[in-house]
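Enquirer: First the structure, which I've put down as structure tokens, then a few questions once you've had a look.
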Amino acid sequence: MDFKVMTIGALEQPAQGSLVVLHGWGANSEDAAHFTGMLPLAKVDRFLPEGPFKHPYSDAGRMWYGLDNMGNFQSDLSRQADLQTSRQLLTDWLLALPGKTGIPLERTILGGFSQGGAMTIEVGLTLPLAGLMILSGYLHKSLADIPKPPMPILQIHGQQDMVVPIAAARKTRDALLDLGANLTYQEFPGLGHEISMTVLEQMQGFVTELLEP
């Protein structure tokens with residue numbers, strides 16, 4: 001199955017870390033590149049994987065899995081076949097990434113917006129990553145059987161999000177805290193389902209602290 005990955009520009013200095021950002025449902029790697037490219041990171045390589053499935057309502061859109069039966073982002077999607085395919089493709093690619101870049105997973109941050117944020121949780125909690133960023137994301141399933149994740153996690157959500165409701169974000173927050181995760185959770189009153197300058201500032205601070213100290 002086709003698994004496209006976009007990269008952003010050449011660095012002026014040798015890379016000290018990697019940032020992997022996953023787009024949302026119906027977007028693509030170019031969409032993720034648009035906001036990820038706004039982060040002024042001099043020593044971090046950026047990779048934008050693209051969902052392997054074509055979006056049903058957009059010629060250019062991609063998805064990690066279908067959302068036909070999602071409801072109010074409360075369903076257990078863990079057995080959905082297309083999600084399982086994307087999980088395996090993304091996991092295999094991440095595990096192979098250090099062999100291509102020379103940068104270990106311990107110096108790699110995985111993040112994603114919306115469905116990409118959900119995939120970040122799905123794949124990232126069990127890998128030895130430097131950190132996770134969940135941007136307007138949600139849970140696929142219960143986290144009860146997952147060990148305590150060692151990496152710091154940044155979760156951001158808008159209280160005015162009309163796509164993924166704030167209740168889904170708080171459910172995710174509570175599940176991560178119940179695991180004992182090192183979680184920084186922020187919700188913003190005027191923020192919708194979007195990557196704003198405020199979100200970019202939070203992302204920048206998180207990545208800089210972990211990969212460009």
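In the structure tokens, chains take the letters A, B, ... in the order shown, each chain's residues start at 1, and ligands count up from 1 in the order shown.
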At a cut-off of 8 Å, using only C-alpha atoms, what residues contact Asp82 of chain A? Leave out same-chain residues fewer than 5 positions from it and give the result as a PyMOL selection string.

Expert: chain A and resi 64-66

Enquirer: Those same residues, written as a CSV table (one decimal), in the first residue's frame with C-alpha atoms?

Expert:
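Writing the result to result.csv gives the following:
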chain,number,residue,atom,x,y,z
A,64,TRP,CA,-6.0,7.2,8.2
A,65,TYR,CA,-9.3,5.4,8.4
A,66,GLY,CA,-13.0,6.0,7.7

Enquirer: Return as a PyMOL selection string the full set of residues in segment 3-185 of chain A whose backbone-based DSSP assignment is strand (DSSP E or B).

Expert: chain A and resi 5-7+17-22+44-49+53-54+62-63+108-113+131-135+152-158+182-185

Enquirer: Restricted to N, CA and C atoms, what would the selected residues look like written as a compact mmCIF listing (two decimals), in the first residue's frame?

Expert:
# COMPACT_ATOMS: atom_id res chain seq x y z
N VAL A 5 5.49 10.15 2.28
CA VAL A 5 6.01 10.97 3.37
C VAL A 5 6.68 12.21 2.77
N MET A 6 6.23 13.39 3.19
CA MET A 6 6.82 14.64 2.75
C MET A 6 7.84 15.12 3.79
N THR A 7 8.89 15.76 3.33
CA THR A 7 9.85 16.40 4.23
C THR A 7 9.87 17.89 3.96
N GLY A 17 17.28 16.23 16.07
CA GLY A 17 16.03 15.55 16.40
C GLY A 17 15.13 15.48 15.18
N SER A 18 14.04 14.72 15.33
CA SER A 18 13.06 14.58 14.26
C SER A 18 11.67 14.91 14.80
N LEU A 19 10.87 15.57 13.97
CA LEU A 19 9.49 15.87 14.29
C LEU A 19 8.61 15.25 13.20
N VAL A 20 7.69 14.39 13.61
CA VAL A 20 6.77 13.73 12.69
C VAL A 20 5.37 14.25 12.99
N VAL A 21 4.68 14.78 11.98
CA VAL A 21 3.35 15.37 12.19
C VAL A 21 2.35 14.71 11.23
N LEU A 22 1.23 14.29 11.79
CA LEU A 22 0.19 13.57 11.04
C LEU A 22 -1.01 14.49 10.79
N VAL A 44 15.96 20.50 13.69
CA VAL A 44 14.99 19.40 13.73
C VAL A 44 14.50 19.09 12.33
N ASP A 45 14.69 17.85 11.89
CA ASP A 45 14.12 17.39 10.63
C ASP A 45 12.62 17.19 10.81
N ARG A 46 11.84 17.53 9.76
CA ARG A 46 10.39 17.40 9.85
C ARG A 46 9.88 16.45 8.77
N PHE A 47 9.04 15.51 9.20
CA PHE A 47 8.49 14.49 8.32
C PHE A 47 6.97 14.51 8.42
N LEU A 48 6.31 14.46 7.27
CA LEU A 48 4.85 14.55 7.20
C LEU A 48 4.28 13.33 6.48
N PRO A 49 4.03 12.24 7.18
CA PRO A 49 3.43 11.07 6.53
C PRO A 49 2.00 11.37 6.10
N PHE A 53 -5.18 6.02 2.85
CA PHE A 53 -6.47 5.83 2.20
C PHE A 53 -6.98 7.13 1.59
N LYS A 54 -7.58 7.00 0.42
CA LYS A 54 -8.17 8.15 -0.26
C LYS A 54 -9.44 8.58 0.47
N ARG A 62 -6.78 12.78 2.08
CA ARG A 62 -6.40 11.44 2.51
C ARG A 62 -6.95 11.21 3.92
N MET A 63 -6.93 9.98 4.34
CA MET A 63 -7.38 9.66 5.70
C MET A 63 -6.61 8.45 6.21
N THR A 108 12.89 11.81 18.80
CA THR A 108 11.83 12.02 17.81
C THR A 108 10.52 12.32 18.51
N ILE A 109 9.86 13.39 18.08
CA ILE A 109 8.53 13.74 18.59
C ILE A 109 7.50 13.37 17.53
N LEU A 110 6.42 12.74 17.97
CA LEU A 110 5.30 12.42 17.10
C LEU A 110 4.11 13.27 17.50
N GLY A 111 3.48 13.91 16.53
CA GLY A 111 2.31 14.72 16.81
C GLY A 111 1.31 14.64 15.68
N GLY A 112 0.10 15.13 15.93
CA GLY A 112 -0.90 15.11 14.88
C GLY A 112 -2.11 15.94 15.23
N PHE A 113 -2.81 16.35 14.19
CA PHE A 113 -4.01 17.18 14.34
C PHE A 113 -5.25 16.34 14.06
N GLY A 131 8.57 12.61 22.77
CA GLY A 131 7.36 13.30 23.20
C GLY A 131 6.24 13.09 22.21
N LEU A 132 5.02 13.42 22.64
CA LEU A 132 3.83 13.33 21.80
C LEU A 132 3.08 14.65 21.86
N MET A 133 2.48 15.05 20.73
CA MET A 133 1.62 16.23 20.68
C MET A 133 0.26 15.83 20.12
N ILE A 134 -0.78 16.04 20.91
CA ILE A 134 -2.15 15.70 20.52
C ILE A 134 -2.90 17.01 20.31
N LEU A 135 -3.18 17.35 19.07
CA LEU A 135 -3.78 18.63 18.72
C LEU A 135 -5.20 18.39 18.24
N PRO A 152 6.99 12.89 27.79
CA PRO A 152 6.05 13.99 28.03
C PRO A 152 5.06 14.11 26.88
N ILE A 153 3.85 14.53 27.21
CA ILE A 153 2.77 14.65 26.23
C ILE A 153 2.15 16.03 26.33
N LEU A 154 1.99 16.68 25.19
CA LEU A 154 1.29 17.95 25.10
C LEU A 154 -0.05 17.71 24.43
N GLN A 155 -1.14 18.11 25.10
CA GLN A 155 -2.48 17.99 24.52
C GLN A 155 -3.13 19.36 24.51
N ILE A 156 -3.60 19.78 23.33
CA ILE A 156 -4.23 21.09 23.15
C ILE A 156 -5.58 20.91 22.48
N HIS A 157 -6.58 21.64 22.96
CA HIS A 157 -7.91 21.55 22.37
C HIS A 157 -8.65 22.87 22.54
N GLY A 158 -9.49 23.19 21.58
CA GLY A 158 -10.29 24.40 21.65
C GLY A 158 -11.66 24.14 22.25
N ASN A 182 2.93 11.93 31.89
CA ASN A 182 3.47 13.28 32.11
C ASN A 182 2.80 14.21 31.11
N LEU A 183 1.60 14.65 31.43
CA LEU A 183 0.74 15.36 30.49
C LEU A 183 0.66 16.85 30.79
N THR A 184 0.85 17.65 29.75
CA THR A 184 0.52 19.07 29.81
C THR A 184 -0.73 19.27 28.98
N TYR A 185 -1.83 19.63 29.64
CA TYR A 185 -3.13 19.77 28.96
C TYR A 185 -3.53 21.24 28.95

Enquirer: Give the alpha helix (DSSP H) residues of segment 48-146 of chain A, as assigned by DSSP on the backbone, as an NGL selection string.

Expert: :A and (81-101 or 115-124)

Enquirer: So that I can check the surroundings of Val123 of chain A, please list as a PyMOL selection string every protein, DNA and RNA residue that reaches within 10 Å of it, counting only C-alpha atoms and ignoring chain neighbours fewer than 5 positions away.

Expert: chain A and resi 86-88+90-91+94+110+118

Enquirer: Which is closest to Met119 of chain A among A:Pro213, A:Pro40, A:Pro149, A:Gly137, if we use only C-alpha atoms?

Expert: A:Gly137

Enquirer: For the atom pair atom CA of Glu50 of chain A and atom CA of His23 of chain A, what is the interatomic distance in Å to one decimal place?

Expert: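 Computing it gives 7.1 Å between the two atoms.
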
Enquirer: Work out how far apart atom CA of Ala15 of chain A and atom CA of His34 of chain A are and give it in Å to one decimal.

Expert: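 Rounded to one decimal, the two atoms are 20.3 Å apart.
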
Enquirer: Report the distance between atom CA of Trp25 of chain A and atom CA of Gln115 of chain A in Å, rounded to one decimal place.

Expert: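 Going from atom CA of Trp25 of chain A over to atom CA of Gln115 of chain A covers 5.5 Å.
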
Enquirer: Could you list, as a list in words, every residue within 10 Å of Pro165 of chain A, counting only C-alpha atoms and ignoring same-chain residues fewer than 2 positions away?

Expert: Asn72, Phe73, Ser136, Gly137, Tyr138, His157, Gly158, Gln159, Gln160, Asp161, Met162, Val163, Ala167, Ala168, Ala169, Arg170, Gly192 and His193 of chain A

Enquirer: Write to file, as a PDB file, in the first residue's frame, the residues of the selection just made, with N, CA and C atoms.

Expert:
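Listed below is the output, again30.pdb:
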ATOM      1  N   ASN A  72     -20.145  10.424  18.161  1.00  0.00           N
ATOM      2  CA  ASN A  72     -19.674  11.600  18.890  1.00  0.00           C
ATOM      3  C   ASN A  72     -18.261  11.380  19.447  1.00  0.00           C
ATOM      4  N   PHE A  73     -17.423  10.677  18.688  1.00  0.00           N
ATOM      5  CA  PHE A  73     -16.057  10.372  19.080  1.00  0.00           C
ATOM      6  C   PHE A  73     -16.000   9.611  20.402  1.00  0.00           C
ATOM      7  N   SER A 136      -6.174  18.774  19.042  1.00  0.00           N
ATOM      8  CA  SER A 136      -7.594  18.569  18.707  1.00  0.00           C
ATOM      9  C   SER A 136      -7.886  17.095  18.437  1.00  0.00           C
ATOM     10  N   GLY A 137      -7.260  16.211  19.194  1.00  0.00           N
ATOM     11  CA  GLY A 137      -7.389  14.777  18.976  1.00  0.00           C
ATOM     12  C   GLY A 137      -8.383  14.108  19.909  1.00  0.00           C
ATOM     13  N   TYR A 138      -8.398  12.771  19.858  1.00  0.00           N
ATOM     14  CA  TYR A 138      -9.376  11.993  20.622  1.00  0.00           C
ATOM     15  C   TYR A 138      -8.878  10.558  20.748  1.00  0.00           C
ATOM     16  N   HIS A 157      -6.577  21.641  22.961  1.00  0.00           N
ATOM     17  CA  HIS A 157      -7.914  21.546  22.365  1.00  0.00           C
ATOM     18  C   HIS A 157      -8.647  22.872  22.539  1.00  0.00           C
ATOM     19  N   GLY A 158      -9.488  23.189  21.579  1.00  0.00           N
ATOM     20  CA  GLY A 158     -10.287  24.402  21.649  1.00  0.00           C
ATOM     21  C   GLY A 158     -11.662  24.142  22.253  1.00  0.00           C
ATOM     22  N   GLN A 159     -12.082  25.007  23.143  1.00  0.00           N
ATOM     23  CA  GLN A 159     -13.411  24.858  23.749  1.00  0.00           C
ATOM     24  C   GLN A 159     -14.533  25.085  22.742  1.00  0.00           C
ATOM     25  N   GLN A 160     -14.219  25.755  21.636  1.00  0.00           N
ATOM     26  CA  GLN A 160     -15.211  26.015  20.596  1.00  0.00           C
ATOM     27  C   GLN A 160     -15.077  25.048  19.412  1.00  0.00           C
ATOM     28  N   ASP A 161     -14.408  23.930  19.634  1.00  0.00           N
ATOM     29  CA  ASP A 161     -14.228  22.938  18.574  1.00  0.00           C
ATOM     30  C   ASP A 161     -15.583  22.317  18.237  1.00  0.00           C
ATOM     31  N   MET A 162     -16.044  22.526  17.011  1.00  0.00           N
ATOM     32  CA  MET A 162     -17.334  22.010  16.569  1.00  0.00           C
ATOM     33  C   MET A 162     -17.197  20.679  15.818  1.00  0.00           C
ATOM     34  N   VAL A 163     -15.978  20.167  15.690  1.00  0.00           N
ATOM     35  CA  VAL A 163     -15.750  18.894  15.005  1.00  0.00           C
ATOM     36  C   VAL A 163     -15.475  17.784  16.017  1.00  0.00           C
ATOM     37  N   ALA A 167     -15.601  17.589  25.119  1.00  0.00           N
ATOM     38  CA  ALA A 167     -15.816  16.430  25.983  1.00  0.00           C
ATOM     39  C   ALA A 167     -14.897  15.278  25.594  1.00  0.00           C
ATOM     40  N   ALA A 168     -14.644  15.117  24.292  1.00  0.00           N
ATOM     41  CA  ALA A 168     -13.739  14.055  23.836  1.00  0.00           C
ATOM     42  C   ALA A 168     -12.309  14.348  24.277  1.00  0.00           C
ATOM     43  N   ALA A 169     -11.923  15.615  24.265  1.00  0.00           N
ATOM     44  CA  ALA A 169     -10.585  15.998  24.724  1.00  0.00           C
ATOM     45  C   ALA A 169     -10.428  15.723  26.215  1.00  0.00           C
ATOM     46  N   ARG A 170     -11.453  16.048  26.990  1.00  0.00           N
ATOM     47  CA  ARG A 170     -11.366  15.832  28.435  1.00  0.00           C
ATOM     48  C   ARG A 170     -11.364  14.355  28.786  1.00  0.00           C
ATOM     49  N   GLY A 192     -11.307  27.041  17.920  1.00  0.00           N
ATOM     50  CA  GLY A 192     -12.129  26.028  17.278  1.00  0.00           C
ATOM     51  C   GLY A 192     -11.287  24.835  16.874  1.00  0.00           C
ATOM     52  N   HIS A 193     -11.684  24.189  15.785  1.00  0.00           N
ATOM     53  CA  HIS A 193     -10.955  23.025  15.265  1.00  0.00           C
ATOM     54  C   HIS A 193      -9.909  23.543  14.288  1.00  0.00           C
TER      55      HIS A 193
END

Enquirer: Write out as a list in words each polymer residue whose atoms come within 8 Å of Pro128 of chain A, counting only C-alpha atoms; drop sequence neighbours fewer than 2 positions from it.

Expert: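 In the requested format, the answer is Leu105, Glu106, Thr126, Ala130, Pro150 and Met151 of chain A.
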
Enquirer: How about saving the chosen residues, N, CA and C atoms kept, as a PDB file, in the first residue's frame?

Expert:
ATOM      1  N   LEU A 105      14.685   7.154  18.009  1.00  0.00           N
ATOM      2  CA  LEU A 105      13.313   7.491  18.384  1.00  0.00           C
ATOM      3  C   LEU A 105      13.273   8.326  19.658  1.00  0.00           C
ATOM      4  N   GLU A 106      14.255   8.137  20.523  1.00  0.00           N
ATOM      5  CA  GLU A 106      14.318   8.912  21.764  1.00  0.00           C
ATOM      6  C   GLU A 106      14.555  10.402  21.507  1.00  0.00           C
ATOM      7  N   THR A 126       3.311   3.495  22.940  1.00  0.00           N
ATOM      8  CA  THR A 126       4.097   2.289  23.198  1.00  0.00           C
ATOM      9  C   THR A 126       5.469   2.312  22.543  1.00  0.00           C
ATOM     10  N   ALA A 130      10.547  10.789  22.116  1.00  0.00           N
ATOM     11  CA  ALA A 130      10.903  11.917  22.972  1.00  0.00           C
ATOM     12  C   ALA A 130       9.675  12.615  23.526  1.00  0.00           C
ATOM     13  N   PRO A 150       6.493   6.782  29.044  1.00  0.00           N
ATOM     14  CA  PRO A 150       7.611   7.488  29.670  1.00  0.00           C
ATOM     15  C   PRO A 150       7.801   8.914  29.176  1.00  0.00           C
ATOM     16  N   MET A 151       7.240   9.232  28.004  1.00  0.00           N
ATOM     17  CA  MET A 151       7.539  10.519  27.372  1.00  0.00           C
ATOM     18  C   MET A 151       6.566  11.616  27.828  1.00  0.00           C
TER      19      MET A 151
END

Enquirer: For Leu77 of chain A, which residue among A:Gln16, A:Pro56, A:Leu176, A:His140 is the nearest when counting only C-alpha atoms?

Expert: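 Going through A:Gln16, A:Pro56, A:Leu176, A:His140 one by one, the smallest distance to Leu77 of chain A is for A:His140.
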